[in-house]
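Trainee: Sharing a structure below in structure tokens format, with a few things to ask.
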Amino acid sequence: MNVPVFLAQKVRHAPEGSFSATVTRVGIVSIALGLGILIVAFAVLFGFKNTIQQKIFLFGAHLQVGKFTNNNSYLETPLALNTPLYRDSTNIPGVQHIQAVALKAGILKTSEELTGVILKGVGRDYDWNLFNGSLVAGTVPVVGADTGNGSTQLLISQYMANQLRVKVGEDVPLYFLGNPPRARKMTIVGIYETGLEEVDKTIALGDIRLIQRLNKWSADSVGSYEIFVKDFNRLNAIANNVFDVMSPDMRLTRVTDQYRPLFDWMVLLDRNMVILLSLITFVASFNMVSVLLVLMMERTPMIGLLKALGSPNQLIRRMFLFVGLNMVGWGLLIGNVVGLGICFIQDRFKVIPLDPKNYFMNYVPIVWDWSTILALNVATILLIAVVLWMPTFIINRIQPVKALAFKK
């Protein structure tokens, strides 16, 4: 028979309504609340970061490669498609996808309203899967079809649609700056919304061949390459791999530099999470030490009796450690149920809304990262198990004679 476990069961099953039972419940609740809050906090944090990153990647690929130029306007210098970087991109370690795009400034105008836009021309290699969560009406434009001059279908933002008072299916003239200015009648086939103000106010998507014709480029000329990597955490290393393949007249831009304020904000979120994690860990550990100390003080006569019967200090310390670990087990069970339950309700029913003007999204997002949830549970068990050893050393200083005379 395992004596420490047997004695721990006797201590653990205190009479209902007793002081020991109340203190035990306090310990269980503190662990459950701490773990539940951590699960929800990490799910929301990862949800925020993942949602914002996906919105950024709609119009700012992980890496962008263009011609090296001192021109800061949207008048791009043509870049050939027949380059080793574009042809052999699949052989570059870490690169997942590459696509060619081009930009051109213009003005969308109706009979009553107008707005400036940056037309982003895309081709058949463009990955439209990124728009799955941002398309609010219509569909994406058909590009790359054999129409000679390029498709006149256009995808605009909800902000532009509201400002111009147009909807899917309507035709809108798009004027391109030049001498003389040129106009094309565009058909709105879709409306998107990212919540990123600097994107929604400016970017519209269409066929790259329309820009090639307006700029008098050949079909082999584009404005830049957009490159997506397999592992965003290795962005800098993969950027070095891409840089090694680039020709001297090319320039490489990372999305973290292009949208630095947003990525700095996400770094700030990580720092806040570290502070929150530290505070919750400290409170939970302090509560468990306090609870175990109270239980030991209440069981002082029992400790004295066990010592008088010849029980070593190590056995008694292990007994109270098992008592504490039992509370940890119940706390983990309840904490997981509460934390995962809150995440499930929010993920399924979107009960907590957000102001998209401030948070770039309409509701609190949830990401199910099971490895993090498992790590939180394991870390909680290990940390509190280590902390629980600290108060048990007091047992070494308890003398049997004084303990047996101890009055509750």
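By convention here, the chains of the structure tokens are called A, B, ... in the order presented, each chain's residues are numbered starting at 1, and ligands are numbered starting at 1 in the order presented.
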With only C-alpha atoms as the counted atoms, please give the residues lying no more than 12 Å from Glu197 in chain A, apart from itself and same-chain residues fewer than 3 positions off, as a list in words.
Mentor: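 Surrounding residues, per the criterion: Lys55, Ile56, Ser157, Gln158, Tyr159, Met160, Glu193, Thr194, Asp200, Lys201, Thr202, Ile203, Leu262, Pro356, Lys357, Asn358, Tyr359, Phe360 and Met361 of chain A.
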Trainee: Residues within 8 Å of Leu332 in chain A, please, as a list in words. Count only C-alpha atoms; anything in the same chain fewer than 5 positions from it doesn't count.
Mentor: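 Residues meeting the cut-off are Ile31, Ala32, Leu35 and Asn377 of chain A.
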Trainee: Save out the residues we just selected, C-alpha atoms, as a PDB file, in the first residue's frame.
Mentor:
ATOM      1  CA  ILE A  31      -6.319  27.132 -10.228  1.00  0.00           C
ATOM      2  CA  ALA A  32      -9.425  26.725 -12.390  1.00  0.00           C
ATOM      3  CA  LEU A  35      -6.015  28.192 -16.230  1.00  0.00           C
ATOM      4  CA  ASN A 377      -1.772  22.325 -18.639  1.00  0.00           C
TER       5      ASN A 377
END
Trainee: From the options A:Thr152, A:Ser371, A:Thr187, A:Asn241, which residue's atoms come nearest to Val168 in chain A, counting only C-alpha atoms?
Mentor: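 Using only C-alpha atoms, Val168 in chain A sits closest to A:Thr187.
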Trainee: Which residues come within 12 Å of Ala237 in chain A, counting only C-alpha atoms, excluding same-chain residues fewer than 3 positions away, as a PyMOL selection string?
Mentor: chain A and resi 63+92-95+229-234+240-244+254
Trainee: Can you spit out the residues from that selection as a compact mmCIF listing (two decimals), in the first residue's frame, using C-alpha atoms?
Mentor:
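The result, stored in selection_7.txt:
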# COMPACT_ATOMS: atom_id res chain seq x y z
CA LEU A 63 8.02 39.40 -49.42
CA ILE A 92 14.12 28.39 -53.30
CA PRO A 93 14.07 26.94 -49.73
CA GLY A 94 11.06 28.17 -47.75
CA VAL A 95 9.16 29.75 -50.66
CA VAL A 229 6.73 31.74 -47.45
CA LYS A 230 5.94 28.39 -45.84
CA ASP A 231 6.86 29.45 -42.31
CA PHE A 232 6.32 33.10 -41.43
CA ASN A 233 8.46 32.71 -38.29
CA ARG A 234 11.45 32.13 -40.60
CA ASN A 240 18.03 35.89 -47.43
CA ASN A 241 17.44 32.87 -49.67
CA VAL A 242 15.39 35.03 -52.04
CA PHE A 243 17.98 37.80 -51.96
CA ASP A 244 20.65 35.38 -53.13
CA ARG A 254 9.49 42.53 -46.10
Trainee: Once DSSP has gone over the backbone, tell me which residues of range 96-254 of chain A are in strand (DSSP E or B), as a PyMOL selection string.
Mentor: chain A and resi 96-109+114-122+135-138+153-157+171-176+182-192+203-207+221-222+224-229+250-254
Trainee: Just the selected residues (C-alpha atoms), exported as a compact mmCIF listing (two decimals), in the first residue's frame, please.
Mentor:
# COMPACT_ATOMS: atom_id res chain seq x y z
CA GLN A 96 5.58 28.53 -51.01
CA HIS A 97 4.11 30.67 -53.80
CA ILE A 98 5.04 33.57 -56.08
CA GLN A 99 2.71 35.80 -58.08
CA ALA A 100 3.16 38.77 -60.40
CA VAL A 101 1.24 42.03 -59.84
CA ALA A 102 1.22 45.63 -61.06
CA LEU A 103 -0.10 48.89 -59.59
CA LYS A 104 -1.58 51.97 -61.26
CA ALA A 105 -3.23 55.04 -59.73
CA GLY A 106 -6.66 56.14 -60.92
CA ILE A 107 -9.98 57.74 -59.99
CA LEU A 108 -13.34 55.99 -59.78
CA LYS A 109 -16.13 58.43 -60.61
CA LEU A 114 -15.51 60.14 -56.89
CA THR A 115 -12.65 58.48 -55.02
CA GLY A 116 -8.99 57.87 -55.70
CA VAL A 117 -7.89 54.24 -55.99
CA ILE A 118 -4.80 52.16 -56.63
CA LEU A 119 -5.66 49.48 -59.15
CA LYS A 120 -3.77 46.30 -58.34
CA GLY A 121 -3.53 44.18 -61.44
CA VAL A 122 -3.26 40.42 -60.94
CA LEU A 135 -15.37 38.97 -49.55
CA VAL A 136 -18.70 40.46 -48.43
CA ALA A 137 -20.57 40.55 -51.76
CA GLY A 138 -20.26 39.20 -55.29
CA GLN A 153 -14.08 43.37 -63.98
CA LEU A 154 -13.25 45.10 -60.71
CA LEU A 155 -13.16 44.18 -57.01
CA ILE A 156 -13.54 47.18 -54.70
CA SER A 157 -13.77 47.66 -50.94
CA ASP A 171 -20.54 49.95 -64.21
CA VAL A 172 -18.21 52.71 -63.02
CA PRO A 173 -15.71 54.73 -65.12
CA LEU A 174 -12.10 54.42 -63.95
CA TYR A 175 -9.91 57.36 -65.03
CA PHE A 176 -6.15 56.87 -65.21
CA ARG A 182 -7.62 57.74 -70.16
CA ALA A 183 -10.82 56.09 -68.96
CA ARG A 184 -12.12 52.53 -68.87
CA LYS A 185 -15.63 51.41 -68.00
CA MET A 186 -15.23 48.88 -65.19
CA THR A 187 -17.86 46.44 -63.94
CA ILE A 188 -17.99 45.88 -60.19
CA VAL A 189 -18.18 42.13 -59.63
CA GLY A 190 -17.25 41.94 -55.95
CA ILE A 191 -16.88 43.89 -52.71
CA TYR A 192 -14.38 43.10 -49.95
CA ILE A 203 -6.87 49.23 -53.17
CA ALA A 204 -9.07 47.82 -55.94
CA LEU A 205 -8.23 44.64 -57.85
CA GLY A 206 -8.46 43.94 -61.56
CA ASP A 207 -6.72 42.28 -64.50
CA SER A 221 6.40 42.81 -67.95
CA VAL A 222 4.93 43.26 -64.47
CA SER A 224 6.59 43.39 -58.90
CA TYR A 225 6.61 39.85 -57.52
CA GLU A 226 4.73 38.88 -54.39
CA ILE A 227 6.24 35.95 -52.51
CA PHE A 228 4.61 33.87 -49.77
CA VAL A 229 6.73 31.74 -47.45
CA MET A 250 15.94 44.26 -57.79
CA ARG A 251 14.77 45.47 -54.39
CA LEU A 252 13.38 43.25 -51.61
CA THR A 253 10.75 44.48 -49.12
CA ARG A 254 9.49 42.53 -46.10
Trainee: Could you name the residues that touch Asn336 in chain A at 10 Å or less, counting only C-alpha atoms, but leaving out those on the same chain fewer than 4 positions away, as a list in words?
Mentor: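 These residues fall inside the cut-off: Ala32, Leu33, Leu35, Gly36, Ile37, Leu38, Ile39, Val40, Trp330, Gly331, Leu332, Leu340, Gly341, Ile342, Ile373 and Asn377 of chain A.
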Trainee: As a VMD selection string, please: the residues near range 345-347 of chain A (cut-off 8 Å, only C-alpha atoms, same-chain neighbours under 6 positions excluded).
Mentor: chain A and resid 364 to 366
Trainee: Can those selected residues be exported to a file as a compact mmCIF listing (two decimals), in the first residue's frame so that it contains N, CA and C atoms?
Mentor:
# COMPACT_ATOMS: atom_id res chain seq x y z
N VAL A 364 -14.51 39.28 -31.49
CA VAL A 364 -13.30 38.71 -30.89
C VAL A 364 -13.01 37.36 -31.56
N PRO A 365 -11.86 37.22 -32.22
CA PRO A 365 -11.54 35.96 -32.92
C PRO A 365 -10.95 34.93 -31.96
N ILE A 366 -11.14 33.67 -32.30
CA ILE A 366 -10.62 32.56 -31.50
C ILE A 366 -9.82 31.63 -32.41
Trainee: In Å, with one decimal, what is the gap from CA of Val44 in chain A to CA of Val367 in chain A?
Mentor: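 About the pair CA of Val44 in chain A and CA of Val367 in chain A: they are 6.8 Å apart.
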Trainee: Nearest to Val143 in chain A among A:Leu75, A:Val387, A:Val323, A:Ile208, with distances taken over only C-alpha atoms: which residue is it?
Mentor: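 Using only C-alpha atoms, Val143 in chain A sits closest to A:Ile208.
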